[in-house]
Each structure stands twice: as C-alpha cells, then as structure tokens.
file coords_38.cif (mmCIF, C-alpha atoms and all ligand atoms)
data_model
#
loop_
_atom_site.label_atom_id
_atom_site.label_comp_id
_atom_site.auth_asym_id
_atom_site.auth_seq_id
_atom_site.Cartn_x
_atom_site.Cartn_y
_atom_site.Cartn_z
CA SER M 1 0.00 0.00 0.00
CA LYS M 2 1.04 3.61 -0.48
CA ARG M 3 -0.27 4.76 2.85
CA TRP M 4 2.65 4.45 5.21
CA VAL M 5 5.05 7.19 6.25
CA ARG M 6 8.25 6.65 8.19
CA MET M 7 9.72 9.63 10.04
CA MET M 8 12.79 10.53 12.05
CA THR M 9 13.67 13.73 13.92
CA ALA M 10 17.11 14.95 14.95
CA GLN M 11 18.47 18.03 16.67
CA THR M 12 21.95 19.41 16.08
CA PRO M 13 23.70 22.46 17.55
CA THR M 14 25.94 24.77 15.60
CA ASN M 15 29.68 25.03 16.18
CA ILE M 16 32.13 27.91 16.35
CA ALA M 17 35.66 27.53 15.02
CA VAL M 18 38.52 28.61 17.28
CA ILE M 19 41.07 27.68 14.61
CA LYS M 20 39.37 28.74 11.39
CA TYR M 21 38.73 26.88 8.18
CA TRP M 22 39.24 29.29 5.30
CA GLY M 23 39.99 28.06 1.78
CA LYS M 24 39.13 24.96 -0.23
CA ARG M 25 41.49 22.82 -2.28
CA ASP M 26 38.50 21.11 -3.92
CA GLU M 27 35.26 23.06 -4.24
CA THR M 28 32.96 20.20 -5.23
CA LEU M 29 34.01 17.77 -2.52
CA ILE M 30 34.62 20.65 -0.09
CA LEU M 31 38.16 19.76 0.93
CA PRO M 32 39.89 22.42 3.04
CA VAL M 33 43.43 23.82 2.83
CA ASN M 34 43.98 23.40 6.57
CA ASP M 35 42.78 21.56 9.67
CA SER M 36 40.38 23.44 11.95
CA ILE M 37 39.15 23.13 15.54
CA SER M 38 35.77 24.17 16.91
CA VAL M 39 33.58 24.09 19.96
CA THR M 40 30.03 22.83 19.59
CA LEU M 41 27.43 24.99 21.31
CA ASP M 42 24.85 23.98 23.85
CA PRO M 43 21.93 22.44 21.87
CA ASP M 44 19.39 24.51 23.83
CA HIS M 45 20.44 27.62 21.97
CA LEU M 46 21.60 27.74 18.40
CA CYS M 47 20.37 24.53 16.92
CA THR M 48 18.49 23.02 14.02
CA THR M 49 15.69 20.50 14.34
CA THR M 50 15.05 18.42 11.25
CA THR M 51 12.35 15.88 10.55
CA VAL M 52 12.79 13.60 7.57
CA ALA M 53 9.99 11.49 6.19
CA VAL M 54 9.76 8.81 3.54
CA SER M 55 6.61 7.45 1.92
CA PRO M 56 5.73 5.73 -1.35
CA SER M 57 3.12 8.46 -1.82
CA PHE M 58 5.79 11.20 -2.08
CA GLU M 59 6.46 12.02 -5.72
CA GLU M 60 9.70 13.97 -5.37
CA ASP M 61 12.27 15.01 -2.79
CA ARG M 62 11.12 18.25 -1.14
CA MET M 63 12.36 20.42 1.69
CA TRP M 64 10.95 23.19 3.88
CA LEU M 65 13.18 25.51 5.91
CA ASN M 66 11.39 27.33 8.73
CA GLY M 67 8.09 26.50 7.05
CA LYS M 68 9.03 27.81 3.60
CA GLU M 69 9.75 25.43 0.73
CA ILE M 70 13.31 25.65 -0.61
CA SER M 71 14.90 24.06 -3.64
CA LEU M 72 16.90 20.85 -3.27
CA SER M 73 18.39 21.16 -6.75
CA GLY M 74 21.70 22.60 -5.49
CA GLY M 75 24.78 20.41 -5.78
CA ARG M 76 25.36 20.36 -2.03
CA PHE M 77 21.95 18.96 -1.13
CA GLN M 78 22.25 16.50 -3.99
CA SER M 79 25.67 15.30 -2.78
CA CYS M 80 24.36 14.69 0.75
CA LEU M 81 21.23 12.89 -0.46
CA ARG M 82 23.19 10.76 -2.92
CA GLU M 83 25.88 9.78 -0.40
CA ILE M 84 23.35 8.82 2.28
CA ARG M 85 21.17 6.87 -0.17
CA ARG M 86 24.27 4.98 -1.25
CA ARG M 87 24.83 3.86 2.34
CA ALA M 88 21.21 3.12 3.21
CA GLY M 89 20.47 -0.20 4.87
CA ASP M 90 17.45 -2.44 5.31
CA VAL M 91 14.71 -1.09 7.55
CA GLU M 92 12.14 -3.23 9.31
CA ASP M 93 9.24 -1.63 11.09
CA ARG M 94 7.25 -4.46 12.66
CA GLU M 95 4.58 -2.15 14.08
CA LYS M 96 3.73 -0.90 10.61
CA GLY M 97 4.41 -4.29 9.04
CA LEU M 98 6.96 -2.57 6.88
CA ARG M 99 10.14 -3.65 5.19
CA ILE M 100 12.26 -1.25 3.16
CA GLY M 101 15.16 -2.98 1.41
CA LYS M 102 18.50 -1.32 0.67
CA SER M 103 17.67 -0.92 -3.01
CA ASP M 104 14.22 0.61 -2.36
CA TRP M 105 15.80 3.86 -1.15
CA GLU M 106 16.79 4.79 -4.69
CA LYS M 107 13.12 4.89 -5.72
CA LEU M 108 11.57 6.35 -2.59
CA HIS M 109 11.27 10.11 -2.15
CA LEU M 110 11.86 12.22 0.94
CA HIS M 111 10.16 15.15 2.58
CA ILE M 112 12.37 17.20 4.87
CA ALA M 113 11.29 19.89 7.34
CA SER M 114 13.97 21.88 9.11
CA PHE M 115 13.69 24.61 11.75
CA ASN M 116 16.35 26.83 13.25
CA ASN M 117 15.68 28.07 16.79
CA PHE M 118 17.50 31.28 15.85
CA PRO M 119 17.10 33.71 12.96
CA THR M 120 18.45 32.00 9.83
CA ALA M 121 19.63 35.26 8.35
CA ALA M 122 21.53 36.32 11.47
CA GLY M 123 24.82 35.11 10.09
CA LEU M 124 25.13 32.64 12.94
CA ALA M 125 26.52 29.65 11.09
CA SER M 126 23.12 28.16 10.34
CA SER M 127 24.43 25.96 7.53
CA ALA M 128 26.72 24.10 9.94
CA ALA M 129 23.88 22.92 12.16
CA GLY M 130 21.58 22.48 9.16
CA PHE M 131 23.62 20.06 7.07
CA ALA M 132 24.85 18.11 10.10
CA CYS M 133 21.28 17.62 11.25
CA LEU M 134 20.04 16.67 7.79
CA VAL M 135 22.70 14.02 7.33
CA PHE M 136 22.25 12.63 10.83
CA ALA M 137 18.45 12.41 10.51
CA LEU M 138 18.66 10.76 7.09
CA ALA M 139 21.23 8.24 8.30
CA LYS M 140 18.85 7.25 11.11
CA LEU M 141 15.84 7.10 8.80
CA MET M 142 17.65 4.92 6.28
CA ASN M 143 19.54 2.84 8.81
CA ALA M 144 22.90 3.80 7.34
CA LYS M 145 25.48 2.06 9.52
CA GLU M 146 28.16 4.70 9.42
CA ASP M 147 29.94 6.09 12.46
CA GLN M 148 29.84 9.83 13.31
CA SER M 149 33.15 10.53 11.55
CA GLN M 150 31.99 8.85 8.35
CA LEU M 151 28.75 10.84 8.55
CA SER M 152 30.81 13.99 9.08
CA ALA M 153 32.51 13.38 5.72
CA ILE M 154 29.04 13.44 4.12
CA ALA M 155 27.87 16.55 6.02
CA ARG M 156 31.12 18.18 4.88
CA GLN M 157 29.84 18.02 1.31
CA GLY M 158 26.84 20.12 2.34
CA SER M 159 28.84 22.79 4.15
CA GLY M 160 32.44 22.39 5.29
CA SER M 161 31.87 23.60 8.83
CA ALA M 162 28.89 21.20 9.16
CA CYS M 163 31.20 18.21 9.53
CA ARG M 164 32.25 19.53 12.96
CA SER M 165 28.65 19.64 14.26
CA LEU M 166 28.30 15.84 14.26
CA PHE M 167 30.10 15.84 17.62
CA GLY M 168 29.65 17.78 20.84
CA GLY M 169 32.49 19.30 22.84
CA PHE M 170 35.73 20.15 21.04
CA VAL M 171 36.10 18.89 17.52
CA LYS M 172 38.87 18.78 14.93
CA TRP M 173 38.23 18.65 11.19
CA ILE M 174 41.21 16.81 9.74
CA MET M 175 41.84 18.13 6.24
CA GLY M 176 42.98 14.74 4.91
CA ASN M 177 45.11 13.85 1.89
CA ASP M 178 42.95 11.64 -0.31
CA LYS M 179 41.72 13.01 -3.61
CA ASP M 180 38.26 11.54 -3.06
CA GLY M 181 37.90 13.24 0.36
CA SER M 182 37.32 10.02 2.29
CA ASP M 183 39.85 11.02 4.97
CA SER M 184 38.64 14.63 5.33
CA LEU M 185 36.46 14.21 8.39
CA ALA M 186 35.76 15.35 11.93
CA VAL M 187 36.95 13.72 15.13
CA GLN M 188 36.06 14.59 18.71
CA LEU M 189 38.97 16.01 20.74
CA ALA M 190 37.11 16.28 24.04
CA HIS M 191 33.52 15.57 25.06
CA ASP M 192 31.06 18.30 26.02
CA LYS M 193 31.61 18.03 29.79
CA HIS M 194 35.38 18.29 29.45
CA TRP M 195 35.68 22.06 29.94
CA ASP M 196 32.41 22.89 31.65
CA ASP M 197 33.49 26.27 33.02
CA LEU M 198 33.47 28.00 29.65
CA VAL M 199 30.49 30.22 28.89
CA ILE M 200 29.81 31.40 25.37
CA ILE M 201 28.05 34.70 24.70
CA ILE M 202 27.23 35.83 21.18
CA ALA M 203 26.80 39.54 20.59
CA VAL M 204 24.49 39.85 17.59
CA VAL M 205 25.99 42.92 15.97
CA SER M 206 23.92 42.69 12.84
CA SER M 207 21.21 40.33 11.72
CA ARG M 208 21.65 41.22 8.07
CA GLN M 209 22.88 38.47 5.79
CA LYS M 210 26.56 38.64 4.90
CA GLU M 211 27.52 40.34 1.66
CA THR M 212 30.22 37.91 0.55
CA SER M 213 29.30 34.25 0.91
CA SER M 214 31.98 32.08 2.48
CA THR M 215 32.20 30.13 -0.78
CA SER M 216 33.11 33.07 -2.98
CA GLY M 217 35.18 34.67 -0.22
CA MET M 218 37.29 31.54 0.16
CA ARG M 219 37.73 31.20 -3.59
CA GLU M 220 38.98 34.78 -3.87
CA SER M 221 41.33 34.35 -0.88
CA VAL M 222 42.79 31.12 -2.31
CA GLU M 223 43.34 32.83 -5.66
CA THR M 224 44.80 36.12 -4.43
CA SER M 225 46.03 36.11 -0.81
CA LEU M 226 49.71 35.45 -0.13
CA LEU M 227 48.96 35.71 3.58
CA LEU M 228 46.63 32.71 3.24
CA GLN M 229 49.47 30.64 1.76
CA HIS M 230 51.72 31.61 4.65
CA ARG M 231 48.94 30.88 7.16
CA VAL M 232 48.24 27.43 5.76
CA LYS M 233 51.92 26.38 5.60
CA GLU M 234 53.50 28.04 8.60
CA VAL M 235 50.84 29.13 11.08
CA VAL M 236 47.88 26.76 11.33
CA PRO M 237 49.79 23.45 11.73
CA LYS M 238 51.54 24.82 14.84
CA ARG M 239 48.37 26.39 16.20
CA ILE M 240 46.46 23.13 15.85
CA VAL M 241 49.01 21.36 18.04
CA GLN M 242 49.00 24.20 20.59
CA MET M 243 45.22 24.42 20.65
CA GLU M 244 44.83 20.68 21.24
CA GLU M 245 47.27 21.00 24.12
CA ALA M 246 45.43 24.05 25.58
CA ILE M 247 42.08 22.22 25.42
CA LYS M 248 43.50 19.08 26.99
CA ASN M 249 44.98 21.08 29.89
CA HIS M 250 42.10 23.55 30.37
CA ASP M 251 44.72 26.23 29.73
CA PHE M 252 42.51 29.28 29.20
CA ALA M 253 45.37 31.75 28.70
CA SER M 254 46.71 29.80 25.69
CA PHE M 255 43.23 28.98 24.46
CA ALA M 256 42.25 32.66 24.45
CA GLN M 257 45.51 33.82 22.90
CA LEU M 258 45.25 31.28 20.07
CA THR M 259 41.53 31.85 19.49
CA CYS M 260 41.84 35.64 19.22
CA ALA M 261 45.00 35.48 17.12
CA ASP M 262 43.43 33.01 14.71
CA SER M 263 40.25 35.05 14.29
CA ASN M 264 42.35 38.14 13.64
CA GLN M 265 44.50 36.34 11.09
CA PHE M 266 41.44 35.02 9.28
CA HIS M 267 40.11 38.58 8.98
CA ALA M 268 43.57 39.77 7.94
CA VAL M 269 43.47 37.18 5.14
CA CYS M 270 40.12 38.64 4.09
CA LEU M 271 41.69 42.09 3.95
CA ASP M 272 44.63 40.60 2.02
CA THR M 273 42.21 39.23 -0.58
CA CYS M 274 41.74 41.08 -3.86
CA PRO M 275 39.25 42.73 -3.82
CA PRO M 276 39.35 42.92 0.01
CA ILE M 277 36.53 41.37 2.03
CA PHE M 278 35.23 43.09 5.17
CA TYR M 279 33.24 40.90 7.50
CA MET M 280 33.71 42.86 10.71
CA ASN M 281 32.36 46.39 11.22
CA ASP M 282 33.10 49.26 13.62
CA THR M 283 31.12 47.64 16.41
CA SER M 284 33.06 44.37 15.98
CA HIS M 285 36.32 46.32 16.22
CA ARG M 286 35.13 48.14 19.34
CA ILE M 287 34.23 44.81 20.97
CA ILE M 288 37.75 43.51 20.23
CA ASN M 289 39.22 46.65 21.80
CA CYS M 290 37.04 46.33 24.86
CA VAL M 291 38.00 42.67 25.43
CA GLU M 292 41.71 43.27 24.75
CA LYS M 293 41.81 46.17 27.25
CA TRP M 294 39.97 44.19 29.89
CA ASN M 295 42.20 41.13 29.48
CA ARG M 296 45.28 43.33 29.74
CA LEU M 297 43.96 45.04 32.86
CA GLU M 298 43.28 41.69 34.53
CA GLY M 299 46.77 40.45 33.71
CA THR M 300 45.37 37.12 32.53
CA PRO M 301 42.74 36.61 29.81
CA GLN M 302 39.13 36.48 30.99
CA VAL M 303 37.47 36.32 27.61
CA ALA M 304 38.35 35.17 24.09
CA TYR M 305 36.68 36.58 20.99
CA THR M 306 36.21 35.11 17.57
CA PHE M 307 34.35 36.30 14.46
CA ASP M 308 33.23 34.24 11.47
CA ALA M 309 32.16 35.53 8.06
CA GLY M 310 30.10 38.33 9.61
CA PRO M 311 30.26 41.08 12.27
CA ASN M 312 28.80 39.08 15.19
CA ALA M 313 31.13 38.51 18.14
CA VAL M 314 31.41 35.09 19.72
CA LEU M 315 32.81 35.64 23.20
CA ILE M 316 34.10 32.76 25.28
CA SER M 317 34.49 33.50 28.99
CA ARG M 318 36.77 31.47 31.21
CA ASP M 319 34.01 30.91 33.81
CA ARG M 320 30.61 32.17 34.99
CA LYS M 321 32.05 35.02 37.00
CA ALA M 322 33.88 36.36 33.95
CA ALA M 323 30.73 35.85 31.86
CA VAL M 324 28.65 37.97 34.23
CA GLN M 325 31.28 40.70 34.20
CA LEU M 326 31.51 40.50 30.42
CA LEU M 327 27.78 40.87 30.05
CA GLN M 328 27.78 43.88 32.38
CA ARG M 329 30.53 45.49 30.33
CA LEU M 330 28.85 44.74 27.03
CA LEU M 331 25.53 46.12 28.23
CA PHE M 332 27.29 49.24 29.50
CA TYR M 333 29.40 49.95 26.42
CA PHE M 334 27.03 48.45 23.84
CA PRO M 335 23.46 48.88 25.05
CA PRO M 336 21.17 47.12 22.58
CA ASN M 337 19.45 49.44 20.11
CA SER M 338 21.71 52.38 20.82
CA ASP M 339 23.90 54.12 18.25
CA THR M 340 25.55 50.79 17.47
CA ASP M 341 23.75 48.26 15.33
CA LEU M 342 24.13 45.70 18.08
CA ASN M 343 20.71 44.28 18.78
CA SER M 344 20.83 41.33 21.13
CA TYR M 345 22.89 38.87 23.12
CA VAL M 346 22.60 35.13 22.91
CA ILE M 347 23.86 33.30 25.93
CA GLY M 348 25.53 29.99 25.24
CA ASP M 349 24.85 28.68 28.72
CA LYS M 350 21.29 29.30 29.81
CA SER M 351 22.11 28.78 33.49
CA ILE M 352 23.75 32.19 33.62
CA LEU M 353 20.29 33.78 33.40
CA LYS M 354 18.97 31.96 36.45
O1 LIG T 401 31.35 25.93 6.03
P1 LIG T 401 31.17 27.35 5.60
O2 LIG T 401 31.14 27.50 4.13
O3 LIG T 401 29.96 27.98 6.24
O4 LIG T 401 32.47 28.19 6.06
C1 LIG T 401 32.72 28.52 7.39
C2 LIG T 401 33.88 29.42 7.48
C3 LIG T 401 34.09 30.07 8.84
O5 LIG T 401 32.90 30.05 9.58
C4 LIG T 401 34.48 31.51 8.63
C5 LIG T 401 35.21 29.39 9.62
C6 LIG T 401 34.91 28.05 10.23
O6 LIG T 401 35.87 27.28 10.38
O7 LIG T 401 33.75 27.78 10.57
#

call {"tool": "encode", "arguments": {"input": "coords_38.cif", "output": "structure tokens", "more": "lines below"}}
Ligand code: PMV
result
Amino acid sequence: SKRWVRMMTAQTPTNIAVIKYWGKRDETLILPVNDSISVTLDPDHLCTTTTVAVSPSFEEDRMWLNGKEISLSGGRFQSCLREIRRRAGDVEDREKGLRIGKSDWEKLHLHIASFNNFPTAAGLASSAAGFACLVFALAKLMNAKEDQSQLSAIARQGSGSACRSLFGGFVKWIMGNDKDGSDSLAVQLAHDKHWDDLVIIIAVVSSRQKETSSTSGMRESVETSLLLQHRVKEVVPKRIVQMEEAIKNHDFASFAQLTCADSNQFHAVCLDTCPPIFYMNDTSHRIINCVEKWNRLEGTPQVAYTFDAGPNAVLISRDRKAAVQLLQRLLFYFPPNSDTDLNSYVIGDKSILK
C-alpha cells in the first residue's frame, strides 16, 4: 500500500571555530586547505531541528526551511542525499508491518522539514547545524550504519563547517590527503563536559545576511592572498598542536591567545584578498578593543573573541564570573538598540540567566 510514512527527527547544535577553516582545495568535494578546531554549542540555543519522512506516496524530494519550501536542486543537497542513499540499509518496522530494502531507497522520495531556533539570516553559522542535522536524521531514517566521523565526511559536502557539528564538545576537522575526500572528516577532541566552566556569549551585531558568501570569499582568498598561503603552511599546523594541548589542559590563557590570534589572522586574510573582504564592522572592532583592554587590565585573559564571516562577536568566557562581568561590560558599552547596530545577546549557557 502507499499509505505508510516513516519519520525521524534529529536536533543538532551549531559550532564555532577557534582555529578557522578558510579556503578549499576542492570546491565540489569541499576539501579544506587546513585543519580546523571548533567548539560545539549547547543544543538549547543555536540549533536546528530536522524531521525527515519517507513514503511511497511522495512524488519527489522536497524540503521546507522554517516553514518555507526551498529548492533541493543545489549540488550540495544533492551530494548529501546521494551519499546517504548509497549507504542506506534495510529497515524493518514491525509495528507498521513494513520492510524497506536497501535498493528501495533509490526509488523512494523524501520530505524534509527543518527549523532553526535562531534567525536563519543572522549570520550565525546556520548551515553548519543544518547540514549536520540533515545528514544525521537521514542516516537514522535509512539505517545507514556509518559512524559519526563517516557521517561527518558526508555533512562536509553540504557545508564544510557542518562536519564539525556531528560531535559535541571540542572537535577537529582533519583536512585529509585523499583526492576523493574520504579522509577529510571530523573527530572529537574532548567531550562536552570536558571544559564545563566556559560560557559562550554571542553579541548579535547585525542580523543582516553577509555580503560575501563564504564560498566566494574563500575562492577569492585562495586565488589572491599570499597571507593565506603563509597561514596554511606556517601558522595553522603549529596552532592546531598548541590548541589541542590548551584544550587538553584547560589552559585558558593559551586557548584565548590562540583563538583571538586566529580570528584576527582570518580577517587579515580577508583584507589581504583582492578585492578585500570586510566581514567585521566598527562595532566588531570596538568589541575587540574592549576585550583586549579588559584582558590586559586583569593580567590574565578572561574572555576570548572570535568572528566568522560576519560582524557578530562570539565571546568565550573562562568561567561564569567572567561571563557575568563580560555581560555587564557589554551592556554598559554596547546597550542594545543604541547608536551601534548591536541588537541582542545570545547566551551559550542558559544557566547564567537563572
Ligand atoms: O562551512 P562554511 O562554508 O559555512 O564556512 C565557514 C567558514 C568560517 O565560519 C568563517 C570558519 C569556520 O571554520 O567555521
């Protein structure tokens, strides 16, 4: 009969890179020019919830994002769907008296509904959570027996940074060497309880969508920036080792120094790109100044900052006390809806509001 539907729902948080991925060596497979390291956020805040459904009554693959239908014709969606279908297994659902064989998945169509619990256009790395969640939900639906790292290599083909959202805690995306990308995948460095003191606060400087997409930005940087070549060869490999060490030892001073330096170098690469790319704005720069001055005053870093392809500040405090002080400072110097375009704060650890 055509009347059955099988569904699966998954929830995936976004991640923030502390050693940035910037530049692809293969655009189709999404293979990066360097390793990167990220921290996965608390799922209660910035996360995607995706429900995938399969039924013989569906006539084509379709997807809705925040209730609005979007096209699945793009190469990245197609890569993810193809790779997961290829790995699909047999599914038995005794309750429904259902058996879907491996080969049936090629003929069956999918409906996908995805929701972000944060504004999609806010430039808050929504594609990372989105593709990770899509791949994870599909793998469950289709009983694909792949481990998280193998799934990460599929999510990577949706959006590079998505591969890191398959794990919680601290995650490394290993760039890999293979031409086919099979060894370009994410591994967990430390689980989510490993460094529990850290509190992440995101200052939403602007909710406008970024002007230069990361895809075209990276392409231009790879083609024109000499600083990027230096970064990839001389800087990142050392930082990756140091960052892993800092995370392992809960060494906040090194963690903060590396995180801030790497964000600043990423934005320097953007400026070194022809034509130059500006992701940060005046407010972003003022936030950097404020944190740098405070850290200097304290003698030891209290807060690390990092910015992705947009002006929003991701601030990582060493503990709850520093987070409260940070928030007080931010609210004093950057009151929401004042002369700055800063409009809200997202707290990475909800307990701070209690
Ligand atoms: O995966 P993309 O195309 O969204 O690129 C992400 C690039 C940065 O966010 C700037 C850095 C990173 O490592 O996440």

call {"tool": "closest_residue", "arguments": {"input": "coords_38.cif", "among": "M:Gly67, M:Pro276, M:Pro13, M:Gly310", "to": "ligand LIG 401 (chain T)", "atoms": "all atoms listed in the file"}}
result
M:Gly310

call {"tool": "closest_atom_pairs", "arguments": {"input": "coords_38.cif", "of": "chain M", "to": "ligand LIG 401 (chain T)", "cutoff": "8 Å", "atoms": "all atoms listed in the file", "output": "tab-separated table"}}
result
residue	atom	partner	partner_atom	distance
M:Asn15	CA	T:LIG401	O7	7.5
M:Ile16	CA	T:LIG401	O7	6.0
M:Ala17	CA	T:LIG401	O6	4.7
M:Val18	CA	T:LIG401	O6	7.5
M:Ile19	CA	T:LIG401	O6	6.7
M:Lys20	CA	T:LIG401	O6	3.9
M:Tyr21	CA	T:LIG401	O6	3.6
M:Trp22	CA	T:LIG401	C2	5.8
M:Ser36	CA	T:LIG401	O6	6.1
M:Ile37	CA	T:LIG401	O6	7.4
M:Ser38	CA	T:LIG401	O6	7.2
M:Ala125	CA	T:LIG401	O3	6.2
M:Ser126	CA	T:LIG401	O3	8.0
M:Ser127	CA	T:LIG401	O3	6.0
M:Ala128	CA	T:LIG401	O3	6.3
M:Arg156	CA	T:LIG401	O1	7.8
M:Ser159	CA	T:LIG401	O1	4.4
M:Gly160	CA	T:LIG401	O1	3.8
M:Ser161	CA	T:LIG401	O1	3.7
M:Ala162	CA	T:LIG401	O1	6.2
M:Ser213	CA	T:LIG401	O2	7.7
M:Ser214	CA	T:LIG401	O2	4.9
M:Thr215	CA	T:LIG401	O2	5.7
M:Phe266	CA	T:LIG401	C4	7.8
M:Phe307	CA	T:LIG401	C4	7.5
M:Asp308	CA	T:LIG401	C4	4.1
M:Ala309	CA	T:LIG401	C4	4.7

call {"tool": "closest_residue", "arguments": {"input": "coords_38.cif", "among": "M:Gln150, M:Asn264, M:Asn281, M:Ser317", "to": "Ile202 in chain M", "atoms": "only C-alpha atoms"}}
result
M:Ser317

call {"tool": "closest_residue", "arguments": {"input": "coords_38.cif", "among": "M:Asp282, M:Glu292, M:Asp197, M:Asp35", "to": "Val171 in chain M", "atoms": "all atoms listed in the file"}}
result
M:Asp35

call {"tool": "closest_residue", "arguments": {"input": "coords_38.cif", "among": "M:Lys293, M:Lys24, M:His111, M:Lys96", "to": "Met8 in chain M", "atoms": "all atoms listed in the file"}}
result
M:His111

call {"tool": "closest_atom_pairs", "arguments": {"input": "coords_38.cif", "of": "range 135-254 of chain M", "to": "range 102-110 of chain M", "cutoff": "12 Å", "atoms": "only C-alpha atoms", "output": "JSON lines"}}
result
{"residue": "M:Ala137", "atom": "CA", "partner": "M:Leu110", "partner_atom": "CA", "distance": 11.6}
{"residue": "M:Leu138", "atom": "CA", "partner": "M:Leu110", "partner_atom": "CA", "distance": 9.3}
{"residue": "M:Ala139", "atom": "CA", "partner": "M:Trp105", "partner_atom": "CA", "distance": 11.7}
{"residue": "M:Leu141", "atom": "CA", "partner": "M:Leu110", "partner_atom": "CA", "distance": 10.2}
{"residue": "M:Met142", "atom": "CA", "partner": "M:Trp105", "partner_atom": "CA", "distance": 7.7}
{"residue": "M:Asn143", "atom": "CA", "partner": "M:Lys102", "partner_atom": "CA", "distance": 9.2}
{"residue": "M:Ala144", "atom": "CA", "partner": "M:Lys102", "partner_atom": "CA", "distance": 9.5}
{"residue": "M:Lys145", "atom": "CA", "partner": "M:Lys102", "partner_atom": "CA", "distance": 11.8}

call {"tool": "residues_around", "arguments": {"input": "coords_38.cif", "residues": "Val39 in chain M", "least_positions_apart": "4", "cutoff": "10 Å", "atoms": "only C-alpha atoms", "output": "number ranges by chain"}}
result
M: 14-19, 164-165, 167-172, 188-192, 200

call {"tool": "closest_residue", "arguments": {"input": "coords_38.cif", "among": "M:Thr40, M:Ser182, M:Gln325, M:Thr9", "to": "Asn295 in chain M", "atoms": "all atoms listed in the file"}}
result
M:Gln325

call {"tool": "closest_residue", "arguments": {"input": "coords_38.cif", "among": "M:Ile100, M:Ile30, M:Val232, M:Leu198", "to": "Asp251 in chain M", "atoms": "only C-alpha atoms"}}
result
M:Leu198

call {"tool": "build_atoms", "arguments": {"input": "coords_38.cif", "residues": "range 287-306 of chain M", "atoms": "N, CA and C atoms", "output": "JSON list (two decimals), in the coordinates of the input"}}
result
[["chain", "number", "residue", "atom", "x", "y", "z"],
["M", 287, "ILE", "N", 34.34, 45.94, 20.03],
["M", 287, "ILE", "CA", 34.23, 44.81, 20.97],
["M", 287, "ILE", "C", 35.62, 44.19, 21.19],
["M", 288, "ILE", "N", 36.38, 44.05, 20.10],
["M", 288, "ILE", "CA", 37.75, 43.51, 20.23],
["M", 288, "ILE", "C", 38.57, 44.39, 21.17],
["M", 289, "ASN", "N", 38.50, 45.70, 20.95],
["M", 289, "ASN", "CA", 39.22, 46.65, 21.80],
["M", 289, "ASN", "C", 38.87, 46.50, 23.26],
["M", 290, "CYS", "N", 37.58, 46.42, 23.51],
["M", 290, "CYS", "CA", 37.04, 46.33, 24.86],
["M", 290, "CYS", "C", 37.58, 45.06, 25.55],
["M", 291, "VAL", "N", 37.54, 43.93, 24.85],
["M", 291, "VAL", "CA", 38.00, 42.67, 25.43],
["M", 291, "VAL", "C", 39.52, 42.70, 25.64],
["M", 292, "GLU", "N", 40.24, 43.21, 24.64],
["M", 292, "GLU", "CA", 41.71, 43.27, 24.75],
["M", 292, "GLU", "C", 42.13, 44.11, 25.96],
["M", 293, "LYS", "N", 41.47, 45.27, 26.13],
["M", 293, "LYS", "CA", 41.81, 46.17, 27.25],
["M", 293, "LYS", "C", 41.53, 45.49, 28.58],
["M", 294, "TRP", "N", 40.37, 44.86, 28.65],
["M", 294, "TRP", "CA", 39.97, 44.19, 29.89],
["M", 294, "TRP", "C", 40.95, 43.06, 30.23],
["M", 295, "ASN", "N", 41.27, 42.23, 29.24],
["M", 295, "ASN", "CA", 42.20, 41.13, 29.48],
["M", 295, "ASN", "C", 43.56, 41.64, 29.95],
["M", 296, "ARG", "N", 44.00, 42.74, 29.37],
["M", 296, "ARG", "CA", 45.28, 43.33, 29.74],
["M", 296, "ARG", "C", 45.24, 43.83, 31.19],
["M", 297, "LEU", "N", 44.15, 44.49, 31.51],
["M", 297, "LEU", "CA", 43.96, 45.04, 32.86],
["M", 297, "LEU", "C", 43.98, 43.94, 33.92],
["M", 298, "GLU", "N", 43.38, 42.81, 33.58],
["M", 298, "GLU", "CA", 43.28, 41.69, 34.53],
["M", 298, "GLU", "C", 44.62, 40.95, 34.66],
["M", 299, "GLY", "N", 45.49, 41.15, 33.69],
["M", 299, "GLY", "CA", 46.77, 40.45, 33.71],
["M", 299, "GLY", "C", 46.70, 39.07, 33.07],
["M", 300, "THR", "N", 45.56, 38.42, 33.18],
["M", 300, "THR", "CA", 45.37, 37.12, 32.53],
["M", 300, "THR", "C", 44.04, 37.13, 31.80],
["M", 301, "PRO", "N", 43.97, 36.51, 30.61],
["M", 301, "PRO", "CA", 42.74, 36.61, 29.81],
["M", 301, "PRO", "C", 41.49, 36.09, 30.53],
["M", 302, "GLN", "N", 40.43, 36.88, 30.43],
["M", 302, "GLN", "CA", 39.13, 36.48, 30.99],
["M", 302, "GLN", "C", 38.19, 36.01, 29.89],
["M", 303, "VAL", "N", 38.40, 36.57, 28.72],
["M", 303, "VAL", "CA", 37.47, 36.32, 27.61],
["M", 303, "VAL", "C", 38.24, 36.20, 26.30],
["M", 304, "ALA", "N", 37.81, 35.26, 25.45],
["M", 304, "ALA", "CA", 38.35, 35.17, 24.09],
["M", 304, "ALA", "C", 37.27, 35.61, 23.12],
["M", 305, "TYR", "N", 37.67, 36.21, 22.01],
["M", 305, "TYR", "CA", 36.68, 36.58, 20.99],
["M", 305, "TYR", "C", 37.01, 35.89, 19.68],
["M", 306, "THR", "N", 35.99, 35.63, 18.91],
["M", 306, "THR", "CA", 36.21, 35.11, 17.57],
["M", 306, "THR", "C", 35.05, 35.52, 16.67]]
